[in-house]
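Just query_27.csv here, CSV, C-alpha atoms:
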```csv
chain,number,residue,atom,x,y,z
A,1,ALA,CA,-19.1,-28.3,6.5
A,2,ASN,CA,-17.5,-30.3,9.3
A,3,GLU,CA,-19.2,-28.3,12.0
A,4,PRO,CA,-16.0,-28.2,14.2
A,5,ASP,CA,-15.8,-27.4,17.9
A,6,LEU,CA,-12.8,-25.2,17.2
A,7,LEU,CA,-12.1,-23.1,14.1
A,8,ILE,CA,-8.5,-21.7,13.7
A,9,ALA,CA,-8.6,-18.7,11.5
A,10,ASP,CA,-5.0,-17.8,10.5
A,11,GLU,CA,-4.8,-14.2,9.2
A,12,PRO,CA,-8.2,-14.6,7.4
A,13,THR,CA,-8.4,-10.9,6.5
A,14,THR,CA,-4.7,-10.1,5.5
A,15,ALA,CA,-4.5,-8.3,2.2
A,16,LEU,CA,-8.3,-8.0,1.9
A,17,ASP,CA,-9.8,-4.6,1.3
A,18,VAL,CA,-11.7,-3.1,4.3
A,19,THR,CA,-15.2,-4.0,3.2
A,20,ILE,CA,-14.5,-7.6,2.4
A,21,GLN,CA,-12.6,-7.8,5.7
A,22,ALA,CA,-15.6,-6.6,7.6
A,23,GLN,CA,-17.8,-9.1,5.7
A,24,ILE,CA,-15.5,-12.0,6.5
A,25,LEU,CA,-15.4,-11.1,10.2
A,26,LYS,CA,-19.1,-10.8,10.3
A,27,LEU,CA,-19.4,-14.3,8.6
A,28,LEU,CA,-17.0,-15.8,11.2
A,29,ASP,CA,-19.0,-14.3,14.0
A,30,GLU,CA,-22.3,-15.6,12.6
A,31,LEU,CA,-20.8,-19.1,12.2
A,32,ARG,CA,-19.4,-19.1,15.7
A,33,SER,CA,-22.8,-18.2,17.1
A,34,LYS,CA,-24.7,-20.7,14.9
A,35,LEU,CA,-22.4,-23.7,15.4
A,36,ARG,CA,-21.6,-22.8,19.0
A,37,MET,CA,-17.9,-23.2,18.2
A,38,ALA,CA,-14.7,-21.6,19.6
A,39,LEU,CA,-12.8,-19.3,17.3
A,40,LEU,CA,-9.0,-19.0,17.5
A,41,LEU,CA,-8.2,-15.9,15.5
A,42,ILE,CA,-4.6,-15.2,14.5
A,43,THR,CA,-3.9,-11.6,13.2
A,44,HIS,CA,-1.5,-8.7,13.3
A,45,ASP,CA,-4.4,-6.2,13.0
A,46,LEU,CA,-5.1,-4.8,16.5
A,47,THR,CA,-8.4,-3.2,15.4
A,48,ILE,CA,-9.7,-6.7,14.6
A,49,VAL,CA,-8.6,-7.9,18.0
A,50,ARG,CA,-10.2,-5.0,19.8
A,51,ARG,CA,-13.5,-5.4,18.0
A,52,VAL,CA,-13.9,-9.2,17.7
A,53,ALA,CA,-12.0,-11.0,20.4
A,54,GLU,CA,-12.9,-11.6,24.1
A,55,ARG,CA,-9.5,-12.7,25.2
A,56,VAL,CA,-6.1,-12.0,23.7
A,57,CYS,CA,-2.6,-13.6,23.8
A,58,VAL,CA,0.3,-11.5,22.8
A,59,MET,CA,3.3,-13.5,21.3
A,60,ASN,CA,6.9,-12.4,20.8
A,61,ARG,CA,9.7,-14.7,19.7
A,62,GLY,CA,7.7,-17.8,20.2
A,63,GLU,CA,6.4,-17.0,23.6
A,64,ILE,CA,3.2,-15.6,25.1
A,65,VAL,CA,4.3,-12.5,26.9
A,66,GLU,CA,0.9,-11.3,28.0
A,67,GLN,CA,-2.7,-12.6,28.0
A,68,GLY,CA,-6.0,-11.6,29.4
A,69,ARG,CA,-9.3,-10.0,28.6
A,70,VAL,CA,-9.0,-7.7,25.6
A,71,ALA,CA,-10.4,-4.7,27.4
A,72,ASP,CA,-7.9,-5.1,30.2
A,73,VAL,CA,-4.8,-5.7,28.0
A,74,PHE,CA,-5.6,-2.8,25.7
A,75,ARG,CA,-6.4,-0.5,28.5
A,76,ALA,CA,-3.4,-1.3,30.7
A,77,PRO,CA,-0.8,-3.4,28.9
A,78,SER,CA,1.8,-4.8,31.3
A,79,HIS,CA,4.5,-6.0,28.9
A,80,PRO,CA,6.8,-3.6,27.0
A,81,TYR,CA,6.2,-5.5,23.8
A,82,THR,CA,2.4,-5.1,24.1
A,83,ARG,CA,2.9,-1.4,24.8
A,84,HIS,CA,5.1,-1.2,21.7
A,85,LEU,CA,2.5,-2.9,19.5
A,86,LEU,CA,-0.3,-0.5,20.8
A,87,ASP,CA,2.0,2.5,20.3
A,88,SER,CA,2.7,1.5,16.7
A,89,GLU,CA,-0.9,1.9,15.5
A,90,PRO,CA,-1.0,4.9,13.1
A,91,ARG,CA,-2.6,7.9,14.9
A,92,ASP,CA,-0.8,11.0,13.9
A,93,ARG,CA,-1.2,13.0,10.7
A,94,PRO,CA,1.4,14.0,8.0
A,95,GLU,CA,3.3,17.2,8.2
A,96,PRO,CA,1.7,20.0,6.1
A,97,ALA,CA,2.9,20.1,2.5
A,98,PRO,CA,3.6,23.4,0.7
A,99,ALA,CA,0.2,24.6,-0.6
A,100,GLU,CA,1.6,26.6,-3.5
A,101,ALA,CA,4.1,23.9,-4.7
A,102,PRO,CA,4.1,23.5,-8.5
A,103,THR,CA,2.2,20.6,-10.0
A,104,LEU,CA,4.4,17.6,-10.8
A,105,ILE,CA,1.9,15.2,-12.5
A,106,GLU,CA,-1.6,15.7,-13.7
A,107,ALA,CA,-4.0,13.6,-15.8
A,108,THR,CA,-7.2,14.6,-17.5
A,109,ASP,CA,-10.0,12.2,-18.4
A,110,ASN,CA,-7.7,9.2,-18.2
A,111,ARG,CA,-9.2,5.9,-19.4
A,112,VAL,CA,-8.0,2.3,-19.4
A,113,TRP,CA,-10.5,0.1,-21.1
A,114,PHE,CA,-9.8,-3.6,-21.6
A,115,PRO,CA,-11.8,-5.2,-24.5
A,116,ILE,CA,-14.1,-8.2,-23.9
A,117,LYS,CA,-13.9,-10.4,-27.0
A,118,ARG,CA,-16.2,-13.2,-27.9
A,119,GLY,CA,-17.1,-15.4,-30.7
A,120,LEU,CA,-15.1,-17.2,-33.4
A,121,LEU,CA,-13.8,-13.9,-34.8
A,122,ARG,CA,-13.1,-12.6,-31.4
A,123,ARG,CA,-15.1,-9.4,-31.9
A,124,THR,CA,-15.1,-6.8,-29.1
A,125,VAL,CA,-18.5,-6.9,-27.5
A,126,ASP,CA,-17.9,-4.7,-24.4
A,127,TYR,CA,-15.1,-3.3,-22.2
A,128,VAL,CA,-13.9,-3.6,-18.7
A,129,LYS,CA,-13.6,0.0,-17.7
A,130,ALA,CA,-10.7,-0.3,-15.2
A,131,VAL,CA,-10.1,3.5,-15.3
A,132,ASP,CA,-13.0,5.5,-16.6
A,133,GLY,CA,-12.4,9.2,-17.1
A,134,ILE,CA,-10.3,10.1,-14.1
A,135,SER,CA,-8.7,13.5,-13.7
A,136,LEU,CA,-6.2,14.4,-11.0
A,137,SER,CA,-3.4,16.8,-10.2
A,138,LEU,CA,-0.6,16.2,-7.7
A,139,ARG,CA,1.8,18.9,-6.4
A,140,ARG,CA,5.5,18.4,-5.6
A,141,GLY,CA,6.1,17.2,-2.0
A,142,HIS,CA,2.5,16.1,-1.6
A,143,THR,CA,1.0,12.6,-1.0
A,144,LEU,CA,-2.2,11.6,-2.7
A,145,GLY,CA,-3.9,8.6,-1.1
A,146,VAL,CA,-5.9,6.4,-3.5
A,147,VAL,CA,-8.4,4.2,-1.8
A,148,GLY,CA,-11.3,1.9,-2.8
A,149,GLU,CA,-12.2,-1.8,-2.9
A,150,SER,CA,-10.2,-4.4,-4.6
A,151,GLY,CA,-10.9,-4.2,-8.4
A,152,SER,CA,-11.8,-0.5,-8.2
A,153,GLY,CA,-8.9,0.4,-10.6
A,154,LYS,CA,-6.3,1.9,-8.1
A,155,SER,CA,-3.3,0.0,-9.3
A,156,THR,CA,-4.3,0.3,-13.0
A,157,LEU,CA,-4.5,4.1,-12.6
A,158,ALA,CA,-1.1,4.3,-10.9
A,159,ARG,CA,0.5,2.2,-13.7
A,160,ALA,CA,-1.2,4.4,-16.3
A,161,LEU,CA,0.2,7.6,-14.7
A,162,ILE,CA,3.8,6.3,-15.0
A,163,ARG,CA,3.2,4.8,-18.4
A,164,LEU,CA,3.5,1.1,-17.4
A,165,GLN,CA,0.0,0.7,-18.7
A,166,SER,CA,-1.3,2.1,-22.0
A,167,SER,CA,-4.2,4.6,-21.5
A,168,ASP,CA,-6.2,7.4,-23.2
A,169,GLY,CA,-6.2,11.0,-22.1
A,170,PRO,CA,-3.4,13.5,-21.6
A,171,ILE,CA,-0.8,12.9,-18.8
A,172,VAL,CA,1.6,15.7,-18.1
A,173,PHE,CA,4.7,15.1,-16.0
A,174,ASP,CA,6.6,18.2,-14.8
A,175,GLY,CA,5.2,20.3,-17.6
A,176,ARG,CA,5.8,17.7,-20.4
A,177,LEU,CA,3.1,15.7,-22.1
A,178,ILE,CA,4.2,12.1,-21.8
A,179,GLN,CA,1.1,10.4,-23.2
A,180,GLY,CA,2.0,9.1,-26.6
A,181,LEU,CA,5.8,9.2,-26.1
A,182,SER,CA,7.7,6.1,-27.4
A,183,TRP,CA,9.4,3.8,-24.9
A,184,THR,CA,12.7,5.3,-26.1
A,185,ALA,CA,11.6,8.9,-25.5
A,186,LEU,CA,10.2,7.9,-22.1
A,187,ARG,CA,13.4,6.2,-20.9
A,188,PRO,CA,15.2,9.3,-19.6
A,189,LEU,CA,12.1,10.1,-17.5
A,190,ARG,CA,11.8,6.6,-16.1
A,191,ARG,CA,14.4,7.3,-13.4
A,192,ARG,CA,12.2,10.2,-12.2
A,193,MET,CA,9.1,8.0,-11.8
A,194,GLN,CA,9.5,4.9,-9.7
A,195,ILE,CA,7.2,2.3,-8.1
A,196,VAL,CA,7.3,0.2,-4.9
A,197,PHE,CA,5.1,-2.9,-5.2
A,198,GLN,CA,2.8,-4.5,-2.6
A,199,ASP,CA,4.5,-7.9,-2.1
A,200,PRO,CA,8.0,-7.7,-0.6
A,201,PHE,CA,8.3,-11.5,-1.0
A,202,GLY,CA,7.4,-11.6,-4.7
A,203,SER,CA,8.7,-8.3,-6.1
A,204,LEU,CA,12.4,-9.1,-5.5
A,205,SER,CA,14.2,-11.7,-7.7
A,206,PRO,CA,15.5,-14.5,-5.5
A,207,ARG,CA,18.4,-15.0,-8.0
A,208,LEU,CA,19.8,-11.5,-7.6
A,209,SER,CA,21.8,-10.2,-4.6
A,210,VAL,CA,20.6,-7.1,-2.8
A,211,GLY,CA,23.2,-5.0,-4.5
A,212,GLN,CA,22.2,-6.3,-7.9
A,213,ILE,CA,18.5,-5.6,-7.1
A,214,VAL,CA,19.1,-2.0,-5.9
A,215,GLY,CA,21.7,-1.3,-8.5
A,216,GLU,CA,19.8,-2.6,-11.5
A,217,GLY,CA,18.3,0.8,-12.4
A,218,LEU,CA,21.7,2.4,-12.1
A,219,GLN,CA,23.0,-0.1,-14.6
A,220,ILE,CA,20.1,0.3,-17.0
A,221,HIS,CA,20.5,4.1,-17.0
A,222,ARG,CA,24.3,3.8,-17.2
A,223,ILE,CA,24.9,5.8,-14.0
A,224,GLY,CA,28.4,5.7,-12.6
A,225,THR,CA,31.2,3.1,-12.7
A,226,LEU,CA,30.9,-0.2,-10.9
A,227,SER,CA,32.7,1.2,-7.8
A,228,GLU,CA,30.6,4.4,-7.9
A,229,ARG,CA,27.4,2.3,-8.1
A,230,ARG,CA,28.4,0.2,-5.1
A,231,LYS,CA,28.9,3.5,-3.1
A,232,LEU,CA,25.5,4.8,-4.2
A,233,ILE,CA,23.9,1.5,-3.3
A,234,ALA,CA,25.6,1.4,0.1
A,235,ALA,CA,24.5,5.0,0.8
A,236,THR,CA,20.9,4.3,-0.2
A,237,LEU,CA,20.7,1.1,1.9
A,238,ASP,CA,22.0,3.1,4.9
A,239,GLU,CA,19.3,5.8,4.2
A,240,VAL,CA,16.5,3.2,4.3
A,241,GLY,CA,17.8,1.7,7.6
A,242,LEU,CA,19.8,-1.3,6.3
A,243,ASP,CA,23.4,-2.1,6.9
A,244,PRO,CA,25.3,-1.3,3.7
A,245,ASP,CA,27.2,-4.6,4.0
A,246,VAL,CA,24.1,-6.6,3.0
A,247,GLN,CA,24.7,-5.9,-0.7
A,248,ASP,CA,26.0,-9.4,-1.2
A,249,ARG,CA,23.2,-11.2,0.6
A,250,TYR,CA,19.9,-12.5,-1.0
A,251,PRO,CA,16.3,-11.6,-0.4
A,252,HIS,CA,15.4,-14.9,1.3
A,253,GLU,CA,17.7,-13.9,4.2
A,254,PHE,CA,15.5,-10.9,5.2
A,255,SER,CA,12.2,-10.4,6.9
A,256,GLY,CA,9.2,-8.8,5.2
A,257,GLY,CA,9.9,-5.3,6.5
A,258,GLN,CA,13.6,-5.5,5.5
A,259,ARG,CA,12.6,-6.7,2.0
A,260,GLN,CA,10.2,-3.7,1.7
A,261,ARG,CA,13.1,-1.4,2.7
A,262,ILE,CA,15.2,-3.1,-0.1
A,263,ALA,CA,12.3,-2.4,-2.6
A,264,ILE,CA,12.2,1.3,-1.4
A,265,ALA,CA,16.0,1.5,-1.8
A,266,ARG,CA,15.7,0.2,-5.4
A,267,ALA,CA,13.3,3.0,-6.2
A,268,LEU,CA,15.2,5.7,-4.2
A,269,VAL,CA,18.7,5.0,-5.6
A,270,LEU,CA,17.7,6.7,-8.9
A,271,LYS,CA,16.7,9.9,-7.0
A,272,PRO,CA,13.2,10.1,-8.4
A,273,ASP,CA,10.7,13.0,-8.1
A,274,PHE,CA,7.6,10.8,-8.1
A,275,MET,CA,7.0,7.4,-6.4
A,276,VAL,CA,4.0,5.2,-6.6
A,277,LEU,CA,3.6,3.1,-3.4
A,278,ASP,CA,1.2,0.3,-4.2
A,279,GLU,CA,0.1,-1.2,-0.9
A,280,PRO,CA,3.6,-1.1,0.5
A,281,THR,CA,2.5,-1.9,4.1
A,282,SER,CA,-0.4,-4.4,3.6
A,283,ALA,CA,1.7,-7.5,4.2
A,284,LEU,CA,3.5,-6.2,7.3
A,285,ASP,CA,2.7,-6.4,11.0
A,286,VAL,CA,1.7,-3.3,12.8
A,287,SER,CA,5.1,-2.4,14.3
A,288,VAL,CA,6.9,-2.9,11.0
A,289,GLN,CA,4.2,-1.0,9.2
A,290,ALA,CA,4.8,1.9,11.6
A,291,GLN,CA,8.5,1.8,10.8
A,292,ILE,CA,7.9,1.9,7.1
A,293,VAL,CA,5.4,4.8,7.5
A,294,GLN,CA,8.0,6.8,9.4
A,295,LEU,CA,10.7,5.9,6.8
A,296,LEU,CA,8.5,7.2,4.0
A,297,ARG,CA,7.8,10.4,5.8
A,298,ARG,CA,11.5,11.0,6.5
A,299,LEU,CA,12.4,10.3,2.8
A,300,GLN,CA,9.7,12.6,1.6
A,301,LYS,CA,11.0,15.4,3.8
A,302,ALA,CA,14.6,14.9,2.9
A,303,HIS,CA,14.2,14.6,-0.9
A,304,GLY,CA,10.9,16.5,-1.6
A,305,LEU,CA,9.4,13.4,-2.9
A,306,THR,CA,5.8,13.2,-4.3
A,307,TYR,CA,3.9,10.1,-3.5
A,308,LEU,CA,0.9,8.4,-4.9
A,309,PHE,CA,0.0,6.0,-2.0
A,310,ILE,CA,-2.4,3.1,-2.7
A,311,SER,CA,-3.8,1.3,0.3
A,312,HIS,CA,-6.9,-0.4,1.6
A,313,ASP,CA,-5.8,0.5,5.2
A,314,LEU,CA,-7.4,3.9,5.7
A,315,ARG,CA,-5.6,4.4,9.0
A,316,VAL,CA,-2.3,4.4,7.2
A,317,VAL,CA,-3.7,6.6,4.4
A,318,ARG,CA,-4.8,9.1,7.1
A,319,ALA,CA,-1.3,9.1,8.6
A,320,LEU,CA,0.4,9.8,5.3
A,321,ALA,CA,-1.8,11.5,2.7
A,322,HIS,CA,-2.4,15.2,2.2
A,323,GLU,CA,-5.2,14.5,-0.4
A,324,VAL,CA,-7.4,11.5,-0.9
A,325,LEU,CA,-9.0,10.1,-4.0
A,326,VAL,CA,-11.8,7.5,-3.5
A,327,MET,CA,-12.3,5.1,-6.4
A,328,ARG,CA,-15.2,2.8,-7.3
A,329,ALA,CA,-15.5,0.7,-10.4
A,330,GLY,CA,-12.9,2.8,-12.3
A,331,ARG,CA,-14.4,6.2,-11.4
A,332,VAL,CA,-13.7,8.8,-8.8
A,333,VAL,CA,-16.6,9.1,-6.3
A,334,GLU,CA,-14.9,11.6,-4.0
A,335,GLN,CA,-11.6,13.5,-3.8
A,336,GLY,CA,-10.2,16.4,-1.8
A,337,PRO,CA,-8.1,17.3,1.3
A,338,ALA,CA,-7.6,14.2,3.5
A,339,GLU,CA,-8.7,15.9,6.7
A,340,THR,CA,-12.0,17.0,5.0
A,341,ILE,CA,-12.8,13.5,3.6
A,342,PHE,CA,-11.9,11.7,6.8
A,343,ALA,CA,-13.9,14.1,9.0
A,344,ASN,CA,-16.9,14.6,6.7
A,345,PRO,CA,-17.2,12.1,3.9
A,346,ALA,CA,-19.7,13.3,1.3
A,347,THR,CA,-20.8,10.0,-0.3
A,348,ALA,CA,-22.4,6.9,1.0
A,349,TYR,CA,-19.6,4.8,-0.5
A,350,THR,CA,-16.9,6.7,1.3
A,351,ARG,CA,-18.9,6.5,4.6
A,352,ALA,CA,-19.2,2.7,4.1
A,353,LEU,CA,-15.4,2.4,3.5
A,354,MET,CA,-14.8,4.4,6.7
A,355,ALA,CA,-17.2,2.3,8.7
A,356,ALA,CA,-15.6,-0.9,7.5
A,357,ALA,CA,-12.1,0.4,8.2
A,358,PHE,CA,-12.5,2.0,11.6
A,359,ASN,CA,-15.5,0.1,13.0
A,360,LEU,CA,-15.4,-3.2,11.1
A,361,GLU,CA,-19.0,-2.7,10.0
A,362,ALA,CA,-20.1,-4.7,7.0
A,363,ALA,CA,-22.3,-2.5,4.8
A,364,GLU,CA,-25.9,-3.6,4.5
A,365,THR,CA,-27.0,-0.7,2.4
A,366,GLY,CA,-25.6,-1.8,-0.9
A,367,ALA,CA,-23.3,1.2,-1.0
A,368,VAL,CA,-20.3,-1.2,-1.2
A,369,ALA,CA,-20.4,-4.0,-3.6
A,370,VAL,CA,-19.8,-7.6,-2.4
```
What would you get if you wrote out this structure as structure tokens?
Amino acid sequence: ANEPDLLIADEPTTALDVTIQAQILKLLDELRSKLRMALLLITHDLTIVRRVAERVCVMNRGEIVEQGRVADVFRAPSHPYTRHLLDSEPRDRPEPAPAEAPTLIEATDNRVWFPIKRGLLRRTVDYVKAVDGISLSLRRGHTLGVVGESGSGKSTLARALIRLQSSDGPIVFDGRLIQGLSWTALRPLRRRMQIVFQDPFGSLSPRLSVGQIVGEGLQIHRIGTLSERRKLIAATLDEVGLDPDVQDRYPHEFSGGQRQRIAIARALVLKPDFMVLDEPTSALDVSVQAQIVQLLRRLQKAHGLTYLFISHDLRVVRALAHEVLVMRAGRVVEQGPAETIFANPATAYTRALMAAAFNLEAAETGAVAV
């Protein structure tokens, strides 16, 4: 509205799904051309820098350590920190998982419908079909990547699978039907199904110490004495790459990556079989993101963990997932082996997601909703 000469865009696409991200970047570029203004774009996403910027400044610890034309810096970085950032971009693929591993969790025709009520008597006139008839099967030691736009039902599906959200349709965990079980009957299974949330700043209570946060599940499930719990907490913190002595410190004293390690330790300390990872890297910069990806791989290999990994960053999904499930408006539009879907997506919607994620192309075909 003010038609500025300079627009400073500070992380304008962080935590947005790939299609909205591409649309925002396209809008910024159009405004820049129309108003003939300069754009200062601050971001930790190197793909955005590579595709959008003409010049780049690389900062570390409050100083510009390298600057120049984007093509020159990305082709031949001169500073070790720049090389570290570029090397941190997810490129490799997950190690093969055992193809004949037994099924750990499966759902058939799962539905989560939220009623829309109107009128004086609050009658149900329609439903928001957050999850609308989804079937899936996940083997032990495998990672299922769940992708789709914001509002497609990814997180609702995940919460339904571990019974944090009521749903319809059978859910079988390790051969046992858990749909319809009471909270009391579910309690012994809770320690085997854990979740790591997206926001490392909002998912940890600021009033609890690290030891209390990680050990809360041990206390609820009455595992060990106080001294035994502290030993378990210390060992788990060490396993996720944190000093065991941080037990008596508080979340505000840690960086985003360290807080996410604490959140992972909170889930891991109960020795689960199945972990839901709900956008665990979306709020992290590229180098910390790479560290968390490597940590998740190492933990999966060491403990035979099964992951359901939700993300809008398809590069991270490609680095972690053995299978991929693509959601749109509560339904599955495509699912199968990750290599197959990334190499040869079968639907226009999946191709639009890929184009937005890897080429920052805003869909014009209507395949992706705005």
Non-local contacts of region 315-321 of chain A (8 Å; only C-alpha atoms; under 3 positions in same chain excluded) as a list in words: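 Final neighbour list, sorted by chain and number: Pro90, Arg91, Asp92, Arg93, Pro94, His142, Thr143, Leu144, Gly145, Val293, Arg297, Phe309, Ser311, Val324, Ala338, Glu339, Phe342, Ala357 and Phe358 of chain A.
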Of the listed residues A:Lys117, A:Lys154, A:Arg139, A:Lys231, that which approaches His322 (chain A) most closely, counting only C-alpha atoms: A:Arg139
Distance in Å - CA of Tyr307 (chain A) versus CA of Gln289 (chain A):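 So the answer is 16.9 Å.
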Using only C-alpha atoms, what residues lie at most 12 Å away from (-14.8, -30.6, 13.2) (file coordinates), given as an NGL selection string? :A and (1-8 or 35-38)
Please produce an output containing C-alpha atoms for each residue in the selection, written as a PDB file, in the coordinates of the input.
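Result file is result-v2.pdb:
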```pdb
ATOM      1  CA  ALA A   1     -19.100 -28.300   6.500  1.00  0.00           C
ATOM      2  CA  ASN A   2     -17.500 -30.300   9.300  1.00  0.00           C
ATOM      3  CA  GLU A   3     -19.200 -28.300  12.000  1.00  0.00           C
ATOM      4  CA  PRO A   4     -16.000 -28.200  14.200  1.00  0.00           C
ATOM      5  CA  ASP A   5     -15.800 -27.400  17.900  1.00  0.00           C
ATOM      6  CA  LEU A   6     -12.800 -25.200  17.200  1.00  0.00           C
ATOM      7  CA  LEU A   7     -12.100 -23.100  14.100  1.00  0.00           C
ATOM      8  CA  ILE A   8      -8.500 -21.700  13.700  1.00  0.00           C
ATOM      9  CA  LEU A  35     -22.400 -23.700  15.400  1.00  0.00           C
ATOM     10  CA  ARG A  36     -21.600 -22.800  19.000  1.00  0.00           C
ATOM     11  CA  MET A  37     -17.900 -23.200  18.200  1.00  0.00           C
ATOM     12  CA  ALA A  38     -14.700 -21.600  19.600  1.00  0.00           C
TER      13      ALA A  38
END
```
Residue with smallest distance to Gly180 (chain A) - pool A:Leu16, A:Ile220, A:Val214, A:Ala160, counting all atoms listed in the file: A:Ala160
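Nearest residue to Arg140 (chain A) among A:Leu104, A:Ala302, A:Leu28, A:Leu181 is A:Leu104, counting only C-alpha atoms.
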One decimal, in Å: what's the spacing between CA of Arg123 (chain A) and CA of Ser167 (chain A)?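 Here the two named atoms are 20.6 Å from each other.
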Do a neighbour search on Asp17 (chain A) at 12 Å with all atoms listed in the file, toss out local chain neighbours closer than 2 positions, and write the hits as JSON, numbers by chain. {"A": [12, 13, 14, 15, 19, 20, 21, 22, 23, 24, 147, 148, 149, 150, 151, 152, 154, 279, 282, 310, 311, 312, 313, 314, 353, 354, 356, 357, 360, 362, 368, 369, 370]}
Given the choices A:Met327, A:Ile178, A:Ile64, A:Leu40, which gets closest to Ser155 (chain A) if the distance is worked out from all atoms listed in the file?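 The closest residue to Ser155 (chain A) is A:Met327.
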At what distance in Å, to one decimal, does CA of Leu268 (chain A) lie from CA of Arg187 (chain A)?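 CA of Leu268 (chain A) lies 16.8 Å from CA of Arg187 (chain A).
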May I ask which of the residues A:Val52, A:Leu270, A:Leu41, A:Ala234 is the closest one to Gly217 (chain A), counting all atoms listed in the file? A:Leu270
Near-Arg50 (chain A) list (8 Å; only C-alpha atoms; drop same-chain fewer than 3 positions) as a list in words: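 Contacts, with the query itself left out: Leu46, Thr47, Ala53, Val70, Ala71 and Phe74 of chain A.
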Kindly save the residues from that selection, with C-alpha atoms included, as a compact mmCIF listing (two decimals), keeping the file's coordinate frame.
```
# COMPACT_ATOMS: atom_id res chain seq x y z
CA LEU A 46 -5.10 -4.80 16.50
CA THR A 47 -8.40 -3.20 15.40
CA ALA A 53 -12.00 -11.00 20.40
CA VAL A 70 -9.00 -7.70 25.60
CA ALA A 71 -10.40 -4.70 27.40
CA PHE A 74 -5.60 -2.80 25.70
```
Restricting the calculation to only C-alpha atoms: of A:Arg259, A:Arg118, A:Lys271, A:Arg159, which residue gets closest to Arg191 (chain A)? A:Lys271
Do you know which residues are at most 12 Å from region 66-69 of chain A counting all atoms listed in the file, after dropping those on the same chain fewer than 5 positions away, and could you put them as a PyMOL selection string? chain A and resi 49-50+52-60+74-83
When you look at Tyr250 (chain A) with a cut-off of 7 Å (counting only C-alpha atoms), what residues show up, excluding the ones that are within fewer than 2 positions of it in the same chain? I need them as an mmCIF file with C-alpha atoms, in the frame of the given file.
```cif
data_model
loop_
_atom_site.group_PDB
_atom_site.id
_atom_site.type_symbol
_atom_site.label_atom_id
_atom_site.label_comp_id
_atom_site.auth_asym_id
_atom_site.auth_seq_id
_atom_site.Cartn_x
_atom_site.Cartn_y
_atom_site.Cartn_z
ATOM 1 C CA PRO A 206 15.500 -14.500 -5.500
ATOM 2 C CA LEU A 208 19.800 -11.500 -7.600
ATOM 3 C CA SER A 209 21.800 -10.200 -4.600
ATOM 4 C CA VAL A 210 20.600 -7.100 -2.800
ATOM 5 C CA ASP A 248 26.000 -9.400 -1.200
ATOM 6 C CA HIS A 252 15.400 -14.900 1.300
ATOM 7 C CA GLU A 253 17.700 -13.900 4.200
#
```
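With only the atoms specified (all atoms listed in the file) counting, those residues at most 12 Å away from (19.7, 5.7, -17.0) are A:Thr184, A:Leu186, A:Arg187, A:Pro188, A:Leu189, A:Arg190, A:Arg191, A:Arg192, A:Gly215, A:Glu216, A:Gly217, A:Leu218, A:Gln219, A:Ile220, A:His221, A:Arg222, A:Ile223, A:Gly224, A:Val269, A:Leu270, A:Lys271, A:Pro272.
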